[in-house]
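The next block is work_32.txt, given as compact mmCIF, C-alpha atoms.
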# COMPACT_ATOMS: atom_id res chain seq x y z
CA MET A 25 61.47 5.86 56.69
CA LYS A 26 61.68 7.40 60.17
CA ILE A 27 58.94 6.50 62.56
CA SER A 28 58.36 8.83 65.60
CA THR A 29 56.95 7.31 68.78
CA LYS A 30 55.83 10.78 70.27
CA LYS A 31 52.33 12.02 69.81
CA ALA A 32 51.84 15.23 67.98
CA TRP A 33 50.44 17.02 71.00
CA GLU A 34 53.54 16.08 72.97
CA ASN A 35 55.81 17.90 70.57
CA PRO A 36 57.07 21.03 72.25
CA GLU A 37 57.23 22.79 68.95
CA ALA A 38 53.57 22.03 68.20
CA GLY A 39 52.34 24.26 71.07
CA GLY A 40 48.70 23.22 70.79
CA GLY A 41 48.29 20.51 73.46
CA PRO A 42 46.07 20.76 76.54
CA SER A 43 48.98 20.91 78.95
CA SER A 44 50.66 23.78 77.24
CA GLY A 45 47.32 25.64 77.10
CA ARG A 46 46.78 25.37 80.83
CA LYS A 47 50.29 26.56 81.59
CA ALA A 48 49.90 29.52 79.29
CA ALA A 49 46.62 30.48 80.92
CA ALA A 50 48.21 30.23 84.35
CA ARG A 51 51.02 32.49 83.21
CA ARG A 52 48.51 35.02 81.86
CA LYS A 53 46.38 35.07 85.03
CA ALA A 54 49.24 35.37 87.49
CA PRO A 55 50.09 38.99 86.73
CA ARG A 56 46.46 40.02 87.23
CA LYS A 57 46.32 38.44 90.67
CA MET A 58 49.52 40.10 91.77
CA GLY A 59 48.26 43.49 90.50
CA LYS A 60 45.07 43.26 92.58
CA ASN A 61 47.07 42.42 95.68
CA ARG A 62 49.32 45.41 95.20
CA LEU A 63 46.29 47.71 94.64
CA ALA A 64 44.57 46.42 97.78
CA GLY A 65 47.76 46.99 99.74
CA ARG A 66 47.95 50.56 98.55
CA HIS A 67 44.38 51.18 99.71
CA ILE A 68 45.16 49.73 103.11
CA PHE A 69 48.28 51.86 103.51
CA ALA A 70 46.36 54.97 102.40
CA ALA A 71 43.65 54.22 104.94
CA ILE A 72 46.27 53.80 107.66
CA ARG A 73 47.88 57.12 106.74
CA ALA A 74 44.48 58.86 106.73
CA LEU A 75 43.66 57.42 110.14
CA GLY A 76 47.03 58.57 111.38
CA LYS A 77 46.41 62.11 110.16
CA LEU A 78 42.91 62.13 111.65
CA GLY A 79 44.30 60.92 114.93
CA GLY A 80 46.87 63.72 114.88
CA ILE A 81 44.20 66.31 114.15
CA LEU A 82 41.99 64.99 116.94
CA ALA A 83 44.95 65.05 119.31
CA ILE A 84 45.71 68.68 118.44
CA ALA A 85 42.03 69.64 118.75
CA GLY A 86 41.84 67.88 122.09
CA SER A 87 44.88 69.79 123.29
CA PHE A 88 43.36 73.12 122.28
CA LEU A 89 40.08 72.17 123.92
CA PHE A 90 41.89 71.27 127.11
CA LEU A 91 43.80 74.55 127.08
CA GLY A 92 40.54 76.45 126.39
CA VAL A 93 38.77 74.84 129.32
CA CYS A 94 41.73 75.64 131.55
CA ALA A 95 41.77 79.28 130.40
CA TYR A 96 37.99 79.56 130.72
CA ASN A 97 38.25 78.70 134.40
CA SER A 98 41.63 80.23 135.17
CA GLU A 99 42.01 82.91 137.83
CA LYS A 100 44.54 84.63 135.58
CA PHE A 101 41.63 85.85 133.43
CA ARG A 102 39.53 87.19 136.30
CA LEU A 103 38.24 90.72 135.62
CA ASN A 104 40.60 93.29 137.07
CA GLU A 105 40.65 96.48 135.02
CA VAL A 106 37.76 98.32 133.29
CA ALA A 107 38.70 101.19 130.96
CA ILE A 108 35.91 103.53 129.79
CA TYR A 109 36.09 106.03 126.93
CA GLY A 110 33.62 108.53 125.48
CA CYS A 111 31.73 109.61 128.60
CA LYS A 112 30.89 113.29 128.64
CA GLU A 113 27.41 113.44 130.12
CA SER A 114 27.30 109.79 131.24
CA ASP A 115 28.74 108.93 134.65
CA PRO A 116 31.86 106.74 134.13
CA ALA A 117 31.52 105.33 137.65
CA ALA A 118 27.96 104.20 136.93
CA VAL A 119 29.07 102.61 133.66
CA GLU A 120 31.89 100.76 135.40
CA GLN A 121 29.56 99.55 138.13
CA ILE A 122 27.20 98.04 135.55
CA VAL A 123 30.11 96.26 133.89
CA ARG A 124 31.58 94.88 137.11
CA GLU A 125 28.24 93.72 138.48
CA ASN A 126 27.45 91.79 135.31
CA ALA A 127 30.89 90.52 134.33
CA ARG A 128 32.11 89.01 137.56
CA GLY A 129 34.74 86.30 137.34
CA ASN A 130 36.62 85.25 134.23
CA ILE A 131 36.45 87.79 131.37
CA LEU A 132 36.23 84.93 128.87
CA GLN A 133 32.89 84.04 130.45
CA ALA A 134 31.53 87.61 130.19
CA GLU A 135 28.54 87.93 127.82
CA LEU A 136 29.53 91.10 125.98
CA GLY A 137 26.24 91.30 124.07
CA HIS A 138 24.26 91.32 127.31
CA LEU A 139 26.56 93.96 128.78
CA GLN A 140 26.06 96.12 125.72
CA GLU A 141 22.27 95.89 126.06
CA LEU A 142 22.42 96.89 129.73
CA LEU A 143 24.63 99.90 129.03
CA GLU A 144 22.44 101.10 126.18
CA LEU A 145 19.51 101.30 128.59
CA GLU A 146 21.25 104.28 130.19
CA LYS A 147 19.61 107.48 128.93
CA TRP A 148 22.77 109.15 127.61
CA VAL A 149 24.26 106.02 126.04
CA ARG A 150 23.34 105.72 122.37
CA ARG A 151 25.74 102.87 121.66
CA ALA A 152 28.25 100.86 123.70
CA GLU A 153 31.08 98.71 122.36
CA ILE A 154 32.97 96.34 124.66
CA ARG A 155 36.24 94.49 124.01
CA ARG A 156 38.29 92.02 125.99
CA VAL A 157 41.91 92.86 126.73
CA LEU A 158 43.81 89.79 127.91
CA PRO A 159 44.57 88.71 130.47
CA SER A 160 42.14 90.57 132.77
CA GLY A 161 40.68 93.73 131.27
CA LEU A 162 37.58 95.06 129.52
CA VAL A 163 37.48 98.25 127.45
CA VAL A 164 34.17 100.10 126.99
CA TYR A 165 33.63 102.69 124.25
CA ILE A 166 30.57 104.92 124.77
CA SER A 167 28.84 106.88 122.01
CA GLU A 168 26.50 109.39 123.64
CA ARG A 169 23.22 110.87 122.51
CA VAL A 170 23.23 114.47 121.31
CA PRO A 171 20.55 116.95 122.46
CA GLY A 172 18.57 118.15 119.46
CA VAL A 173 15.02 118.74 120.69
CA ILE A 174 13.46 120.83 123.44
CA LEU A 175 10.21 119.46 124.87
CA GLU A 176 7.75 121.09 127.21
CA LEU A 177 6.33 118.62 129.73
CA ASP A 178 4.06 119.88 132.48
CA GLY A 179 5.49 123.38 132.14
CA GLN A 180 9.10 122.17 132.35
CA LEU A 181 11.56 122.31 129.48
CA MET A 182 13.36 119.03 128.80
CA ILE A 183 16.02 118.15 126.26
CA ALA A 184 15.90 115.04 124.08
CA ASP A 185 17.80 113.66 121.14
CA GLU A 186 16.29 113.41 117.66
CA GLU A 187 14.91 109.96 118.50
CA GLY A 188 12.85 111.57 121.24
CA ILE A 189 14.82 110.02 124.10
CA LEU A 190 14.57 112.28 127.15
CA LEU A 191 17.98 113.21 128.49
CA ASP A 192 17.68 115.88 131.15
CA ALA A 193 16.01 119.10 132.21
CA TYR A 194 17.05 121.97 129.99
CA ALA A 195 19.91 123.94 131.54
CA PRO A 196 22.40 126.61 130.37
CA LYS A 197 25.25 124.08 130.52
CA TYR A 198 23.90 122.47 127.36
CA GLY A 199 24.35 125.68 125.46
CA LYS A 200 21.86 127.40 123.18
CA LEU A 201 19.76 124.98 121.19
CA ASP A 202 18.48 126.94 118.22
CA VAL A 203 15.36 124.80 117.79
CA PRO A 204 11.63 125.36 118.40
CA VAL A 205 9.98 124.09 121.56
CA PHE A 206 7.88 120.98 120.96
CA LYS A 207 4.57 120.72 122.77
CA GLY A 208 1.82 118.12 122.79
CA ALA A 209 3.83 114.97 123.51
CA ILE A 210 2.01 112.09 125.19
CA GLY A 211 2.55 112.18 128.96
CA GLN A 212 2.50 114.93 131.50
CA ASN A 213 5.89 114.14 133.03
CA PRO A 214 9.08 112.23 132.14
CA GLN A 215 7.80 108.98 133.64
CA SER A 216 4.52 108.90 131.70
CA TYR A 217 6.29 110.22 128.59
CA ARG A 218 8.64 107.21 128.62
CA ARG A 219 5.68 104.83 128.89
CA TYR A 220 4.66 106.07 125.45
CA GLN A 221 8.18 106.28 124.07
CA GLU A 222 7.39 104.69 120.71
CA GLU A 223 4.45 106.99 120.02
CA ASN A 224 6.39 110.08 121.13
CA THR A 225 9.36 109.11 118.97
CA ALA A 226 7.01 108.96 115.96
CA LEU A 227 5.45 112.36 116.79
CA ILE A 228 8.85 114.02 117.15
CA GLY A 229 10.13 112.42 113.95
CA ASN A 230 7.11 113.80 112.08
CA ALA A 231 7.76 117.31 113.36
CA LEU A 232 11.47 117.11 112.54
CA ASP A 233 10.60 116.11 108.98
CA MET A 234 8.46 119.24 108.70
CA LEU A 235 11.24 121.46 110.00
CA SER A 236 13.74 119.84 107.68
CA GLU A 237 11.52 120.58 104.69
CA ILE A 238 11.08 124.21 105.73
CA GLU A 239 14.82 124.55 106.31
CA SER A 240 15.39 123.51 102.70
CA GLY A 241 13.93 126.91 101.73
CA PRO A 242 15.37 130.31 102.66
CA ALA A 243 17.44 130.20 105.86
CA ALA A 244 15.24 132.78 107.58
CA TYR A 245 12.15 130.59 107.33
CA ALA A 246 13.03 128.04 110.00
CA GLN A 247 14.27 130.77 112.35
CA LYS A 248 10.80 132.30 112.41
CA ILE A 249 9.26 129.22 114.13
CA SER A 250 9.22 129.33 117.94
CA GLU A 251 6.88 126.45 118.86
CA VAL A 252 5.54 123.25 117.28
CA ASP A 253 2.45 121.41 118.50
CA ILE A 254 3.16 117.75 117.68
CA SER A 255 -0.02 116.26 119.20
CA ASP A 256 -1.73 115.57 115.84
CA ARG A 257 0.43 113.86 113.22
CA ASN A 258 -2.09 114.81 110.53
CA ASN A 259 -2.13 118.47 111.46
CA LEU A 260 1.07 119.93 112.85
CA LYS A 261 0.62 123.42 114.28
CA ILE A 262 3.28 126.08 114.68
CA MET A 263 3.69 129.50 116.27
CA LEU A 264 6.03 132.17 115.00
CA VAL A 265 8.51 134.30 116.92
CA ASP A 266 6.70 137.53 116.03
CA SER A 267 3.11 136.26 116.21
CA THR A 268 0.76 134.51 118.61
CA ALA A 269 -1.33 132.96 115.86
CA GLU A 270 -1.66 129.18 115.86
CA ILE A 271 -0.87 128.13 112.29
CA HIS A 272 -2.34 124.85 111.05
CA MET A 273 0.18 123.26 108.69
CA GLY A 274 -1.76 120.07 107.94
CA LYS A 275 0.32 117.19 106.64
CA GLY A 276 2.87 117.51 103.86
CA ASP A 277 3.85 120.26 101.41
CA TYR A 278 5.05 122.31 104.37
CA LEU A 279 7.52 124.57 102.57
CA ASN A 280 5.06 125.73 99.91
CA ARG A 281 2.33 126.38 102.49
CA PHE A 282 4.70 128.31 104.74
CA ARG A 283 6.04 130.35 101.83
CA ALA A 284 2.52 131.17 100.69
CA LEU A 285 1.71 132.56 104.15
CA LEU A 286 4.84 134.72 104.49
CA GLU A 287 4.41 136.11 100.98
CA SER A 288 0.70 136.77 101.47
CA ASP A 289 -0.20 140.44 101.08
CA GLU A 290 -3.21 140.00 103.33
CA TYR A 291 -1.07 138.48 106.10
CA GLN A 292 1.43 141.33 105.88
CA LYS A 293 -1.42 143.87 105.99
CA PHE A 294 -2.80 142.37 109.20
CA LYS A 295 0.65 142.47 110.78
CA ASN A 296 1.26 146.06 109.75
CA GLN A 297 -2.12 147.12 111.14
CA ASN A 298 -1.35 145.32 114.40
CA ILE A 299 -4.36 143.02 114.05
CA HIS A 300 -4.43 139.97 116.27
CA ILE A 301 -4.98 136.65 114.48
CA PRO A 302 -5.81 133.68 116.75
CA GLU A 303 -5.66 131.04 114.02
CA ILE A 304 -4.38 130.64 110.48
CA ASP A 305 -5.32 127.56 108.49
CA LEU A 306 -3.01 126.53 105.63
CA ARG A 307 -4.50 123.09 105.01
CA TYR A 308 -6.38 124.12 101.88
CA ASP A 309 -4.67 124.36 98.51
CA ASN A 310 -4.14 127.91 97.27
CA LYS A 311 -6.14 129.30 100.16
CA ILE A 312 -5.30 130.88 103.51
CA ILE A 313 -8.03 131.12 106.14
CA PHE A 314 -7.65 133.68 108.94
CA LYS A 315 -9.88 132.83 111.91
CA GLY A 316 -11.13 135.18 114.67
CA ILE A 317 -9.09 138.21 113.65
CA ARG A 318 -9.56 141.36 115.68
CA ASN A 319 -7.79 144.61 116.43
CA VAL A 320 -5.40 144.68 119.33
CA SER A 321 -7.68 147.19 121.03
CA GLY A 322 -10.41 144.53 121.14
CA SER A 323 -12.69 145.91 118.43
CA ALA A 324 -13.85 143.47 115.81
CA GLY A 325 -11.76 143.18 112.70
CA LYS A 326 -12.20 141.28 109.46

Final C-alpha cells representation of the file:
Amino acid sequence: MKISTKKAWENPEAGGGPSSGRKAAARRKAPRKMGKNRLAGRHIFAAIRALGKLGGILAIAGSFLFLGVCAYNSEKFRLNEVAIYGCKESDPAAVEQIVRENARGNILQAELGHLQELLELEKWVRRAEIRRVLPSGLVVYISERVPGVILELDGQLMIADEEGILLDAYAPKYGKLDVPVFKGAIGQNPQSYRRYQEENTALIGNALDMLSEIESGPAAYAQKISEVDISDRNNLKIMLVDSTAEIHMGKGDYLNRFRALLESDEYQKFKNQNIHIPEIDLRYDNKIIFKGIRNVSGSAGK
C-alpha cells in the first residue's frame, strides 16, 4: 500500500487549492488592467492631436487677422479712382464729390451702405450700387428716376417720377410727356411740396391708379383727359381736352363712370349745341348730374 505524504490541495493535478485560485484570478484580471491603460493612452493621444489641430487653426486664423489688420490700415488701399456709370441727368462730378468726401482713406474702411444712402438723397438718383475694386478703386452704378408726371405748382410746370419725386422744371429737353397735368398737390412751391412728400406721393399714386384703370378701356379714353385735380383722394376731378367742365369722378369704378359719360346721349347733345357745362358729377350710380349748364352766349340753359 502506497502512502502519499502530499496534501490533496497541493496536488498540481487537483487544481482546487487556494493558491491556484489566487493565481488564476490574477491571470484573469491582468488583461483587463492592461486594456484600460491602452484605452486611456488612446484618449490622451487623441486629445493631444485635437489640441495640435486647434493650435494650427488658431495660428492660421491669427495670421489672417494680422494680414487683415495690415490691409485695413495700408496706404496701398487708399481711395484713388472713382468710376461712375449710369448718369444721364445726374451730375457725375457731384456724385464723385459725395463719394470722395465720405470715403476718405482706405477703401476697406468705406461704409458702402452709408454712401448708398447719401447718393440716393440726390433727386435724380433712384438707386445707387457701390463696389470696391482692389487695390484702390470704387465703382458706382446709378439708376436714375424717369419723368412720368407733370405737376403744376404755383403756376409753374414741374416734372416728377411716378413716386411723386420732383425732378426739375418742365422743359422741351425732356421730350413730350403724353400725360395729364396734375393739380392740387400740397405745397405752393417745390420746397413746401417736399415737406409733404409722403402725402403728395399718396395723392399722385391715387391719380395714377385712376388713369391706369381708364387706360384699360379704349385707347382714346385716356387721351381725352388734360388735367387731374388730385387734392381730394375721395373725389378725383378731371378736365377733358375738348371741354372746360370739371368732372367729379369720386373714388373707384372710374372706367365705367367715364364710359357712361362719353356714351351719354345727353352729354353729346350739350356738346353739339355748344352748351357750356361748369360741372359734371359722376359719383352717383347710374346717374349723371350736369350742374350750372348754360348756352355759350350766356343765356340760361337746362

Pick from A:Leu139, A:Ile301, A:Val265, A:Val163 nearest to Tyr109 (chain A), counting only C-alpha atoms
A:Val163

Could you pull the residues within 12 Å of Ser240 (chain A), counting only C-alpha atoms, minus those fewer than 6 positions along the same chain, as JSON, numbers by chain?
{"A": [233, 234, 246, 278, 279, 280, 282, 283]}

Using only C-alpha atoms for the distances, tell me which of A:Ser267, A:Asn298, A:Ser216, A:Asn126 is nearest to Leu286 (chain A).
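With only C-alpha atoms as the atom set, the closest residue is A:Ser267.
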
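The point (-9.4, 134.5, 118.3) has these residues within 6 Å of it, counting only C-alpha atoms: Pro302, Gly316 and Ile317 of chain A.
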
Rounded to one decimal in Å, what is the spacing between CA of Arg155 (chain A) and CA of Glu141 (chain A)?
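Between CA of Arg155 (chain A) and CA of Glu141 (chain A) the gap is 14.2 Å.
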
In Å to one decimal, how far is CA of Arg102 (chain A) from CA of Gly129 (chain A)?
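Separation between CA of Gly129 (chain A) and CA of Arg102 (chain A): 5.0 Å.
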
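Coordinates place CA of Ser288 (chain A) at a distance of 18.4 Å from CA of Gln247 (chain A).
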
Could you list, as number ranges by chain, every residue within 7 Å of Gly188 (chain A), counting all atoms listed in the file and ignoring same-chain residues fewer than 5 positions away?
A: 224-225, 228

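If you measure from each of A:Tyr220, A:Tyr165, A:Phe294, A:Trp148 to Leu191 (chain A) using all atoms listed in the file, the closest one turns out to be A:Trp148.
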
Using all atoms listed in the file, can you list as an MDAnalysis selection string the residues within 10 Å of (30.3, 98.1, 119.4)?
chainID A and resid 136:137 140 151:155 164:167

Those same residues - C-alpha atoms - I'd like them written as a PDB file, in the frame of the given file.
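Final file, again31.pdb:
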ATOM      1  CA  LEU A 136      29.530  91.100 125.980  1.00  0.00           C
ATOM      2  CA  GLY A 137      26.240  91.300 124.070  1.00  0.00           C
ATOM      3  CA  GLN A 140      26.060  96.120 125.720  1.00  0.00           C
ATOM      4  CA  ARG A 151      25.740 102.870 121.660  1.00  0.00           C
ATOM      5  CA  ALA A 152      28.250 100.860 123.700  1.00  0.00           C
ATOM      6  CA  GLU A 153      31.080  98.710 122.360  1.00  0.00           C
ATOM      7  CA  ILE A 154      32.970  96.340 124.660  1.00  0.00           C
ATOM      8  CA  ARG A 155      36.240  94.490 124.010  1.00  0.00           C
ATOM      9  CA  VAL A 164      34.170 100.100 126.990  1.00  0.00           C
ATOM     10  CA  TYR A 165      33.630 102.690 124.250  1.00  0.00           C
ATOM     11  CA  ILE A 166      30.570 104.920 124.770  1.00  0.00           C
ATOM     12  CA  SER A 167      28.840 106.880 122.010  1.00  0.00           C
TER      13      SER A 167
END

With the input short on atoms, add N, CA and C atoms back to region 259-270 of chain A and write it as an mmCIF file, in the coordinates of the input.
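Saved to out.cif:
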data_model
loop_
_atom_site.group_PDB
_atom_site.id
_atom_site.type_symbol
_atom_site.label_atom_id
_atom_site.label_comp_id
_atom_site.auth_asym_id
_atom_site.auth_seq_id
_atom_site.Cartn_x
_atom_site.Cartn_y
_atom_site.Cartn_z
ATOM 1 N N ASN A 259 -1.969 117.022 111.486
ATOM 2 C CA ASN A 259 -2.130 118.470 111.460
ATOM 3 C C ASN A 259 -1.159 119.103 112.452
ATOM 4 N N LEU A 260 0.078 119.248 112.014
ATOM 5 C CA LEU A 260 1.070 119.930 112.850
ATOM 6 C C LEU A 260 0.711 121.412 112.920
ATOM 7 N N LYS A 261 0.929 122.001 114.086
ATOM 8 C CA LYS A 261 0.620 123.420 114.280
ATOM 9 C C LYS A 261 1.877 124.124 114.774
ATOM 10 N N ILE A 262 2.093 125.331 114.293
ATOM 11 C CA ILE A 262 3.280 126.080 114.680
ATOM 12 C C ILE A 262 2.890 127.475 115.144
ATOM 13 N N MET A 263 3.803 128.078 115.902
ATOM 14 C CA MET A 263 3.690 129.500 116.270
ATOM 15 C C MET A 263 4.990 130.175 115.874
ATOM 16 N N LEU A 264 4.871 131.435 115.460
ATOM 17 C CA LEU A 264 6.030 132.170 115.000
ATOM 18 C C LEU A 264 6.587 133.066 116.107
ATOM 19 N N VAL A 265 7.825 133.456 115.921
ATOM 20 C CA VAL A 265 8.510 134.300 116.920
ATOM 21 C C VAL A 265 7.789 135.627 117.083
ATOM 22 N N ASP A 266 7.298 136.202 115.985
ATOM 23 C CA ASP A 266 6.700 137.530 116.030
ATOM 24 C C ASP A 266 5.179 137.497 115.941
ATOM 25 N N SER A 267 4.562 136.354 116.294
ATOM 26 C CA SER A 267 3.110 136.260 116.210
ATOM 27 C C SER A 267 2.602 135.248 117.230
ATOM 28 N N THR A 268 1.373 135.464 117.692
ATOM 29 C CA THR A 268 0.760 134.510 118.610
ATOM 30 C C THR A 268 -0.259 133.617 117.915
ATOM 31 N N ALA A 269 -0.362 133.758 116.613
ATOM 32 C CA ALA A 269 -1.330 132.960 115.860
ATOM 33 C C ALA A 269 -0.910 131.496 115.845
ATOM 34 N N GLU A 270 -1.899 130.614 116.006
ATOM 35 C CA GLU A 270 -1.660 129.180 115.860
ATOM 36 C C GLU A 270 -1.875 128.827 114.392
#
